[in-house]
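What's in start.txt: compact mmCIF, C-alpha atoms
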# COMPACT_ATOMS: atom_id res chain seq x y z
CA MET E 1 25.57 9.38 -9.81
CA ARG E 2 25.19 9.46 -6.02
CA ARG E 3 22.30 11.86 -6.36
CA ILE E 4 20.46 9.69 -8.86
CA ILE E 5 20.98 6.61 -6.67
CA PHE E 6 19.70 8.54 -3.65
CA LYS E 7 16.71 9.82 -5.59
CA PHE E 8 15.67 6.42 -6.91
CA SER E 9 16.31 4.79 -3.53
CA ILE E 10 13.73 7.09 -1.96
CA LEU E 11 11.29 6.52 -4.82
CA THR E 12 11.78 2.74 -4.71
CA GLY E 13 11.42 2.61 -0.95
CA MET E 14 8.19 4.59 -1.03
CA LEU E 15 6.65 2.65 -3.93
CA LEU E 16 7.52 -0.76 -2.50
CA GLY E 17 7.24 -0.11 1.21
CA LEU E 18 4.29 2.21 1.76
CA PRO E 19 1.54 0.02 0.24
CA LEU E 20 2.81 -2.93 2.28
CA LEU E 21 2.89 -0.76 5.40
CA GLY E 22 -0.75 0.12 4.79
CA ILE E 23 -1.95 -3.47 4.58
CA ILE E 24 0.14 -4.43 7.62
CA LEU E 25 -1.52 -1.63 9.60
CA ALA E 26 -4.91 -2.79 8.32
CA GLY E 27 -4.16 -6.39 9.34
CA TYR E 28 -4.53 -7.83 5.84
CA PRO E 29 -2.60 -11.01 4.90
CA ILE E 30 0.63 -10.00 3.19
CA HIS E 31 1.11 -13.20 1.20
CA ARG E 32 -1.75 -12.53 -1.19
CA TYR E 33 -0.15 -9.25 -2.30
CA LEU E 34 3.16 -10.97 -2.98
CA GLU E 35 1.79 -13.94 -4.90
CA PHE E 36 3.80 -14.72 -8.03
CA PRO E 37 2.65 -15.18 -10.69
CA PRO E 38 -0.24 -12.92 -9.59
CA GLU E 39 -3.37 -14.93 -10.35
CA SER E 40 -5.64 -14.59 -7.30
CA ARG E 41 -8.40 -12.00 -7.45
CA TYR E 42 -9.43 -10.98 -3.95
CA ILE E 43 -10.63 -7.37 -4.31
CA SER E 44 -14.34 -6.72 -4.75
CA HIS E 45 -14.55 -3.71 -7.05
CA ALA E 46 -17.26 -1.13 -6.55
CA PRO E 47 -20.09 -1.14 -9.13
CA PHE E 48 -20.57 1.61 -11.68
CA SER E 49 -21.60 4.96 -10.22
CA TRP E 50 -23.04 7.76 -12.34
CA PHE E 51 -22.01 10.30 -9.69
CA VAL E 52 -18.36 9.23 -9.65
CA PHE E 53 -18.26 8.78 -13.42
CA SER E 54 -19.66 12.30 -13.94
CA ALA E 55 -17.28 13.84 -11.40
CA TYR E 56 -14.23 12.23 -13.04
CA LEU E 57 -15.49 13.16 -16.52
CA LEU E 58 -16.06 16.82 -15.63
CA PHE E 59 -12.63 17.06 -13.99
CA ILE E 60 -10.90 15.49 -17.02
CA ILE E 61 -12.76 17.81 -19.41
CA ALA E 62 -11.94 20.89 -17.33
CA VAL E 63 -8.24 20.03 -17.33
CA THR E 64 -7.81 18.87 -20.91
CA LEU E 65 -10.33 20.80 -23.02
CA PRO E 66 -8.40 24.11 -23.14
CA LEU E 67 -5.25 22.20 -24.11
CA ILE E 68 -7.06 20.16 -26.75
CA LYS E 69 -8.67 23.24 -28.29
CA ARG E 70 -5.35 25.07 -28.48
CA GLY E 71 -3.54 22.06 -29.92
CA VAL E 72 -6.21 21.33 -32.54
CA SER E 73 -6.34 24.99 -33.56
CA SER E 74 -2.57 25.08 -34.06
CA PHE E 75 -2.58 21.77 -35.94
CA ARG E 76 -5.21 23.00 -38.38
CA ARG E 77 -3.40 26.20 -39.34
CA ARG E 78 -1.75 26.17 -42.73
CA ASN E 79 1.56 27.40 -41.40
CA THR E 80 1.98 24.29 -39.22
CA ARG E 81 2.75 22.19 -42.27
CA GLN E 82 6.41 21.36 -42.49
CA ARG E 83 8.57 19.66 -45.05
CA ALA E 84 10.17 16.35 -44.20
CA HIS E 85 13.96 16.31 -43.99
CA GLY E 86 14.37 12.94 -45.66
CA VAL E 87 12.77 9.79 -46.99
CA PHE E 88 11.18 7.07 -44.90
CA PRO E 89 14.14 4.70 -44.25
CA TRP E 90 14.18 1.04 -45.27
CA TRP E 91 14.17 -0.20 -41.70
CA GLY E 92 10.96 1.72 -41.12
CA TRP E 93 9.35 -0.21 -43.97
CA LEU E 94 10.70 -3.39 -42.43
CA GLY E 95 9.01 -2.46 -39.16
CA PHE E 96 5.77 -1.75 -40.99
CA ILE E 97 5.81 -5.12 -42.77
CA THR E 98 6.71 -7.12 -39.65
CA GLY E 99 4.08 -5.19 -37.70
CA VAL E 100 1.30 -6.02 -40.15
CA ALA E 101 2.40 -9.67 -40.27
CA THR E 102 2.58 -9.98 -36.47
CA TRP E 103 -0.75 -8.19 -36.04
CA THR E 104 -2.35 -10.70 -38.39
CA LEU E 105 -0.85 -13.63 -36.51
CA ALA E 106 -1.84 -12.15 -33.12
CA TRP E 107 -5.51 -11.94 -34.10
CA THR E 108 -5.79 -15.30 -35.84
CA ARG E 109 -5.47 -18.85 -34.52
CA PHE E 110 -3.51 -20.81 -37.12
CA PRO E 111 -2.74 -24.34 -35.84
CA TRP E 112 0.86 -24.15 -37.01
CA PHE E 113 1.39 -20.93 -34.99
CA VAL E 114 -0.11 -22.16 -31.72
CA ARG E 115 3.27 -22.47 -29.98
CA PHE E 116 4.12 -18.82 -30.67
CA GLN E 117 0.61 -17.36 -30.31
CA PRO E 118 1.10 -16.03 -26.75
CA HIS E 119 4.31 -14.18 -27.71
CA THR E 120 3.14 -11.68 -30.34
CA PHE E 121 3.25 -8.63 -28.03
CA THR E 122 7.00 -8.04 -28.23
CA PRO E 123 7.45 -8.29 -32.02
CA LEU E 124 4.43 -6.01 -32.48
CA TRP E 125 6.03 -3.34 -30.33
CA ILE E 126 9.51 -3.78 -31.77
CA SER E 127 7.87 -3.13 -35.15
CA PHE E 128 6.11 -0.05 -33.74
CA ILE E 129 9.40 1.25 -32.32
CA LEU E 130 11.08 0.86 -35.71
CA VAL E 131 8.26 2.70 -37.46
CA ILE E 132 8.09 5.58 -34.97
CA ASN E 133 11.87 6.07 -35.15
CA ALA E 134 11.62 6.04 -38.95
CA LEU E 135 8.93 8.74 -38.78
CA CYS E 136 11.23 10.85 -36.57
CA HIS E 137 14.11 10.32 -39.00
CA ARG E 138 11.96 11.35 -41.95
CA GLN E 139 10.63 14.41 -40.10
CA THR E 140 13.83 15.87 -38.67
CA GLY E 141 16.67 13.80 -40.11
CA ARG E 142 17.39 12.38 -36.65
CA CYS E 143 16.01 9.72 -34.29
CA MET E 144 17.12 8.22 -31.01
CA MET E 145 17.70 4.75 -32.50
CA ILE E 146 20.34 6.08 -34.94
CA ASN E 147 21.67 9.23 -33.29
CA ARG E 148 21.45 8.26 -29.60
CA THR E 149 21.91 4.53 -29.80
CA GLY E 150 23.33 4.12 -26.28
CA PHE E 151 20.35 5.94 -24.76
CA PHE E 152 17.96 3.98 -26.98
CA LEU E 153 19.37 0.60 -25.92
CA LEU E 154 19.42 1.58 -22.24
CA LEU E 155 15.69 2.27 -22.40
CA PHE E 156 14.87 -1.43 -22.82
CA PRO E 157 16.19 -2.77 -19.48
CA VAL E 158 15.10 0.38 -17.64
CA SER E 159 11.63 0.03 -19.15
CA ALA E 160 11.29 -3.51 -17.83
CA GLY E 161 12.07 -2.44 -14.26
CA PHE E 162 9.94 0.68 -14.67
CA TRP E 163 6.78 -1.28 -15.58
CA TRP E 164 7.34 -3.94 -12.93
CA PHE E 165 6.71 -1.18 -10.35
CA PHE E 166 3.24 -0.65 -11.81
CA GLU E 167 2.60 -4.40 -11.81
CA TYR E 168 3.51 -4.41 -8.12
CA LEU E 169 1.23 -1.47 -7.30
CA ASN E 170 -1.58 -3.13 -9.22
CA ARG E 171 -1.52 -6.00 -6.71
CA PHE E 172 -3.05 -3.58 -4.19
CA VAL E 173 -5.91 -2.40 -6.45
CA GLN E 174 -6.18 -5.20 -9.06
CA ASN E 175 -7.41 -2.94 -11.85
CA TRP E 176 -6.08 -5.35 -14.47
CA HIS E 177 -5.22 -9.02 -14.70
CA TYR E 178 -3.82 -11.26 -17.41
CA ALA E 179 -5.73 -14.03 -19.15
CA GLY E 180 -5.17 -16.59 -21.87
CA VAL E 181 -1.94 -18.20 -20.68
CA HIS E 182 -0.45 -19.73 -17.54
CA TYR E 183 3.27 -19.97 -16.84
CA SER E 184 5.62 -21.04 -14.10
CA SER E 185 7.11 -18.26 -12.00
CA PHE E 186 10.34 -18.19 -14.01
CA GLU E 187 8.57 -18.25 -17.38
CA TYR E 188 6.15 -15.53 -16.28
CA PHE E 189 8.99 -13.29 -15.11
CA LEU E 190 11.03 -13.89 -18.27
CA TYR E 191 8.28 -13.37 -20.82
CA ALA E 192 6.74 -10.44 -18.96
CA THR E 193 10.10 -8.69 -18.57
CA ILE E 194 10.77 -8.99 -22.30
CA SER E 195 7.34 -7.52 -23.06
CA PHE E 196 7.69 -4.72 -20.50
CA SER E 197 11.04 -3.70 -22.01
CA THR E 198 9.28 -2.11 -25.01
CA VAL E 199 7.21 0.40 -23.04
CA LEU E 200 9.69 3.28 -22.67
CA PRO E 201 11.20 2.96 -26.18
CA ALA E 202 7.69 3.12 -27.66
CA VAL E 203 6.42 6.07 -25.60
CA LEU E 204 9.63 8.12 -25.76
CA GLY E 205 10.02 7.44 -29.48
CA THR E 206 6.49 8.71 -30.02
CA ARG E 207 7.18 11.72 -27.81
CA GLU E 208 10.25 12.56 -29.89
CA TRP E 209 8.16 12.39 -33.06
CA ILE E 210 5.52 14.73 -31.59
CA ALA E 211 8.19 17.06 -30.20
CA GLY E 212 9.50 17.58 -33.75
CA THR E 213 6.21 19.01 -35.01
CA ARG E 214 5.64 22.71 -35.62
CA TRP E 215 2.10 22.72 -34.27
CA LEU E 216 3.38 21.73 -30.83
CA ARG E 217 5.89 24.57 -30.77
CA ASP E 218 3.42 27.14 -32.05
CA ALA E 219 0.71 26.14 -29.58
CA PHE E 220 2.60 25.38 -26.39
CA GLU E 221 6.05 26.99 -26.38
CA ASN E 222 4.53 30.18 -24.99
CA PHE E 223 1.35 29.11 -23.26
CA PHE E 224 0.15 30.30 -19.85
CA PRO E 225 2.72 30.15 -17.01
CA PHE E 226 2.01 27.93 -14.03
CA GLN E 227 3.71 27.85 -10.65
CA LEU E 228 2.78 26.34 -7.31
CA PRO E 229 2.44 28.91 -4.53
CA TYR E 230 5.11 28.67 -1.83
CA PRO E 231 7.02 26.08 -3.89
CA LYS E 232 9.09 24.43 -1.14
CA ARG E 233 6.14 23.99 1.21
CA SER E 234 3.94 22.86 -1.68
CA TYR E 235 6.37 20.17 -2.79
CA TRP E 236 6.78 18.90 0.76
CA ALA E 237 2.99 18.75 1.08
CA VAL E 238 2.69 16.92 -2.25
CA LEU E 239 5.36 14.42 -1.21
CA VAL E 240 3.67 13.71 2.14
CA LEU E 241 0.19 13.42 0.62
CA SER E 242 1.44 11.14 -2.15
CA GLY E 243 3.10 8.91 0.42
CA ALA E 244 -0.05 8.82 2.53
CA GLY E 245 -2.05 7.92 -0.57
CA LEU E 246 0.27 5.01 -1.38
CA THR E 247 -0.03 3.81 2.20
CA GLY E 248 -3.79 3.71 1.85
CA ILE E 249 -3.99 2.31 -1.68
CA GLY E 250 -4.42 -1.29 -0.51
CA ILE E 251 -6.81 -0.36 2.31
CA TRP E 252 -9.20 1.63 0.11
CA PRO E 253 -8.48 0.35 -3.42
CA ASN E 254 -11.86 1.41 -4.77
CA HIS E 255 -11.31 5.03 -3.80
CA LEU E 256 -7.55 5.47 -4.23
CA PHE E 257 -6.89 3.36 -7.35
CA SER E 258 -6.04 6.41 -9.48
CA LEU E 259 -3.03 7.09 -7.23
CA LEU E 260 -1.36 4.09 -8.86
CA TRP E 261 -0.68 6.41 -11.82
CA ILE E 262 -0.44 9.77 -10.09
CA SER E 263 1.62 9.18 -6.93
CA PRO E 264 4.86 7.98 -8.60
CA LEU E 265 4.91 11.10 -10.77
CA LEU E 266 4.25 13.45 -7.84
CA ILE E 267 6.86 11.75 -5.69
CA ILE E 268 9.69 11.91 -8.21
CA VAL E 269 8.92 15.52 -9.20
CA SER E 270 8.79 16.57 -5.55
CA ILE E 271 12.13 14.88 -4.87
CA GLN E 272 13.67 16.58 -7.91
CA HIS E 273 12.55 20.00 -6.70
CA LEU E 274 13.62 19.46 -3.10
CA LEU E 275 17.08 18.40 -4.36
CA GLY E 276 17.31 21.63 -6.37
CA GLU E 277 16.93 19.93 -9.76
CA ARG E 278 14.92 21.07 -12.75
CA ASN E 279 11.74 19.17 -13.54
CA PHE E 280 8.95 19.53 -16.06
CA LEU E 281 7.14 21.99 -13.79
CA SER E 282 10.17 24.29 -14.10
CA ASP E 283 9.30 24.74 -17.79
CA LEU E 284 5.68 25.56 -16.94
CA VAL E 285 6.82 28.56 -14.89
CA ASN E 286 7.92 30.12 -18.20
CA GLY E 287 4.80 28.95 -20.03
CA ASP E 288 6.55 26.15 -21.95
CA TRP E 289 4.12 23.20 -22.05
CA ARG E 290 5.77 21.26 -24.90
CA PHE E 291 7.21 18.51 -22.71
CA VAL E 292 3.91 17.99 -20.88
CA ILE E 293 1.80 17.88 -24.03
CA SER E 294 4.16 15.74 -26.10
CA SER E 295 4.58 13.21 -23.26
CA ALA E 296 0.85 12.94 -22.56
CA VAL E 297 -0.14 12.70 -26.23
CA ALA E 298 2.57 10.09 -26.87
CA ALA E 299 1.19 7.90 -24.09
CA ILE E 300 -2.36 8.26 -25.42
CA ILE E 301 -1.23 7.23 -28.92
CA CYS E 302 0.65 4.23 -27.57
CA GLY E 303 -2.26 3.47 -25.27
CA VAL E 304 -4.67 3.19 -28.19
CA PHE E 305 -2.32 0.74 -29.91
CA TRP E 306 -1.79 -1.21 -26.66
CA GLU E 307 -5.51 -1.60 -26.11
CA MET E 308 -6.31 -2.30 -29.76
CA TRP E 309 -3.65 -4.99 -30.23
CA ASN E 310 -4.60 -6.53 -26.90
CA PHE E 311 -8.27 -6.90 -27.82
CA PHE E 312 -8.16 -10.09 -29.93
CA SER E 313 -4.80 -11.45 -28.79
CA LEU E 314 -4.53 -14.78 -27.00
CA ALA E 315 -2.36 -13.54 -24.13
CA ARG E 316 -4.23 -10.44 -23.02
CA TRP E 317 -5.16 -8.27 -20.08
CA GLU E 318 -8.63 -7.41 -18.80
CA TYR E 319 -9.77 -4.55 -16.58
CA SER E 320 -11.85 -4.11 -13.44
CA VAL E 321 -12.02 -0.39 -12.68
CA PRO E 322 -14.27 0.64 -9.77
CA PHE E 323 -17.07 3.17 -10.23
CA VAL E 324 -16.30 4.03 -13.89
CA HIS E 325 -16.19 0.67 -15.70
CA ARG E 326 -18.45 1.49 -18.65
CA TYR E 327 -18.26 2.55 -22.31
CA GLN E 328 -15.30 0.36 -23.12
CA ILE E 329 -13.04 1.10 -26.07
CA PHE E 330 -11.47 -2.30 -26.64
CA GLU E 331 -10.97 -3.65 -23.09
CA MET E 332 -10.36 -0.26 -21.49
CA PRO E 333 -13.31 1.70 -20.07
CA LEU E 334 -13.52 5.20 -21.53
CA LEU E 335 -12.29 7.16 -18.52
CA GLY E 336 -9.46 4.69 -17.99
CA TYR E 337 -7.62 6.30 -20.90
CA ALA E 338 -7.07 9.34 -18.68
CA GLY E 339 -4.52 7.27 -16.77
CA TYR E 340 -2.25 7.42 -19.79
CA LEU E 341 -1.81 11.19 -19.30
CA PRO E 342 0.22 11.04 -16.04
CA PHE E 343 1.80 7.81 -17.24
CA GLY E 344 3.19 9.63 -20.27
CA LEU E 345 4.71 12.25 -18.00
CA GLU E 346 6.27 9.52 -15.87
CA CYS E 347 7.84 8.01 -18.98
CA GLY E 348 9.09 11.45 -20.04
CA VAL E 349 10.57 12.21 -16.61
CA ILE E 350 12.45 8.90 -16.54
CA GLY E 351 13.73 9.61 -20.05
CA LYS E 352 14.97 13.06 -19.03
CA ILE E 353 16.80 11.66 -16.02
CA LEU E 354 18.52 9.03 -18.17
CA GLU E 355 19.42 11.58 -20.86
CA ARG E 356 21.37 13.62 -18.34
CA ARG E 357 23.50 10.56 -17.51
CA ILE E 358 24.29 9.47 -21.11

Just dump the structure as structure tokens.
Amino acid sequence: MRRIIFKFSILTGMLLGLPLLGIILAGYPIHRYLEFPPESRYISHAPFSWFVFSAYLLFIIAVTLPLIKRGVSSFRRRNTRQRAHGVFPWWGWLGFITGVATWTLAWTRFPWFVRFQPHTFTPLWISFILVINALCHRQTGRCMMINRTGFFLLLFPVSAGFWWFFEYLNRFVQNWHYAGVHYSSFEYFLYATISFSTVLPAVLGTREWIAGTRWLRDAFENFFPFQLPYPKRSYWAVLVLSGAGLTGIGIWPNHLFSLLWISPLLIIVSIQHLLGERNFLSDLVNGDWRFVISSAVAAIICGVFWEMWNFFSLARWEYSVPFVHRYQIFEMPLLGYAGYLPFGLECGVIGKILERRI
């Protein structure tokens, strides 16, 4: 327990303190970054750039295309088909029905529903969580909601705190903002915290469902091994560079905005290694990519649902992404979906840490 407290104390201190340190060094007014609820928009985002868009696109393709090709090839083979271990449970059907009903209410504007219209996010995602756990139960005969109930329930409060960190970091880059409703500080905190509590249960439930598939095992259990050269020095370098990036995120938000998603992952993995703990890169040394792929794909799946359900909802978020804000799928620009890949790994890493303590 002491180790986990120490680990998260370092992570929390870096995530909260370094961006503030950067704006203090730059002489920017601190109060605008700590405004709550966060409504002011004071960052001028860079216009679309074909050069930057192309560079990001080529990098994303180079990293993901070999993995996509291998995964699709494995999925399409006949021997990846597997028999379900059971029937789709009744509570999964309940989640499906409540999900369809809430989706309908979220995208319509019935006068009698006006009081509840801004609050459809949470019941939508509770429904999703029920359905994804039901799919796991049907596939393997097990799911975290039934077989690891303590872990499942713990995910909700941890998820709320987990996402509030990203909301805080977003104050320094302002890549998204919320529209459609206005609340007092207390109401904003309460309603947002309830909504944020569904993030980890949704992503980790989806990851568990993907992890139970045969195509994932066949394609990525014995893939190519990967290891950083001079591991200890490399992890120290990654930790220092990630910290420097967070320090500069508010000074150069147009150029460092992607570190909002990448730096927390690099920091926590570096800390794990330097404390002598296993992390997801430890599996890559032996060529086992299942955790990486299942976590990333789970976040992409959830991301599509997040963006889709957000599109016509009353309480919604909108994006302003520098250099690459074009070809939107729902509200999210095309290349913005790449941010879900490291985010999925962050969700998976937090889940692994919690699992070891339950």

Fill in: Between atom CA of Leu15 of chain E and atom CA of Val321 of chain E - distance in Å to one decimal
20.8 Å

If you take all atoms listed in the file and a cut-off of 7 Å, which residues of segment 124-243 of chain E touch segment 250-267 of chain E, and what are their nearest atom pairs and distances in Å to one decimal, in chain and number order, as JSON lines?
{"residue": "E:Leu169", "atom": "CA", "partner": "E:Leu260", "partner_atom": "CA", "distance": 6.3}
{"residue": "E:Phe172", "atom": "CA", "partner": "E:Gly250", "partner_atom": "CA", "distance": 4.5}
{"residue": "E:Val173", "atom": "CA", "partner": "E:Pro253", "partner_atom": "CA", "distance": 4.8}
{"residue": "E:Val238", "atom": "CA", "partner": "E:Leu266", "partner_atom": "CA", "distance": 6.8}
{"residue": "E:Leu239", "atom": "CA", "partner": "E:Ile267", "partner_atom": "CA", "distance": 5.4}
{"residue": "E:Ser242", "atom": "CA", "partner": "E:Ser263", "partner_atom": "CA", "distance": 5.2}

Discussion item. Please compute the atom CA of Leu34 of chain E-atom CA of Glu167 of chain E distance, one decimal, in Å.
Written reply: 11.0 Å

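Of note, atom CA of Leu153 of chain E and atom CA of Pro123 of chain E are spaced 16.1 Å apart.
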
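Among the candidates E:Arg326, E:Arg357, E:Arg217, E:Arg290, the one nearest to Pro47 of chain E when counting only C-alpha atoms is E:Arg326.
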
Practice prompt. Using only C-alpha atoms, pick whichever of E:Gly180, E:Pro201, E:Pro66, E:Gly303 has the shortest atom-to-atom distance to Ser159 of chain E.
Written response: E:Pro201

Worksheet entry | Distance criterion (all atoms listed in the file): nearest to Ser270 of chain E out of E:Arg207, E:Arg316, E:His45, E:Lys7 |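 Closest to Ser270 of chain E of all the choices is E:Lys7.
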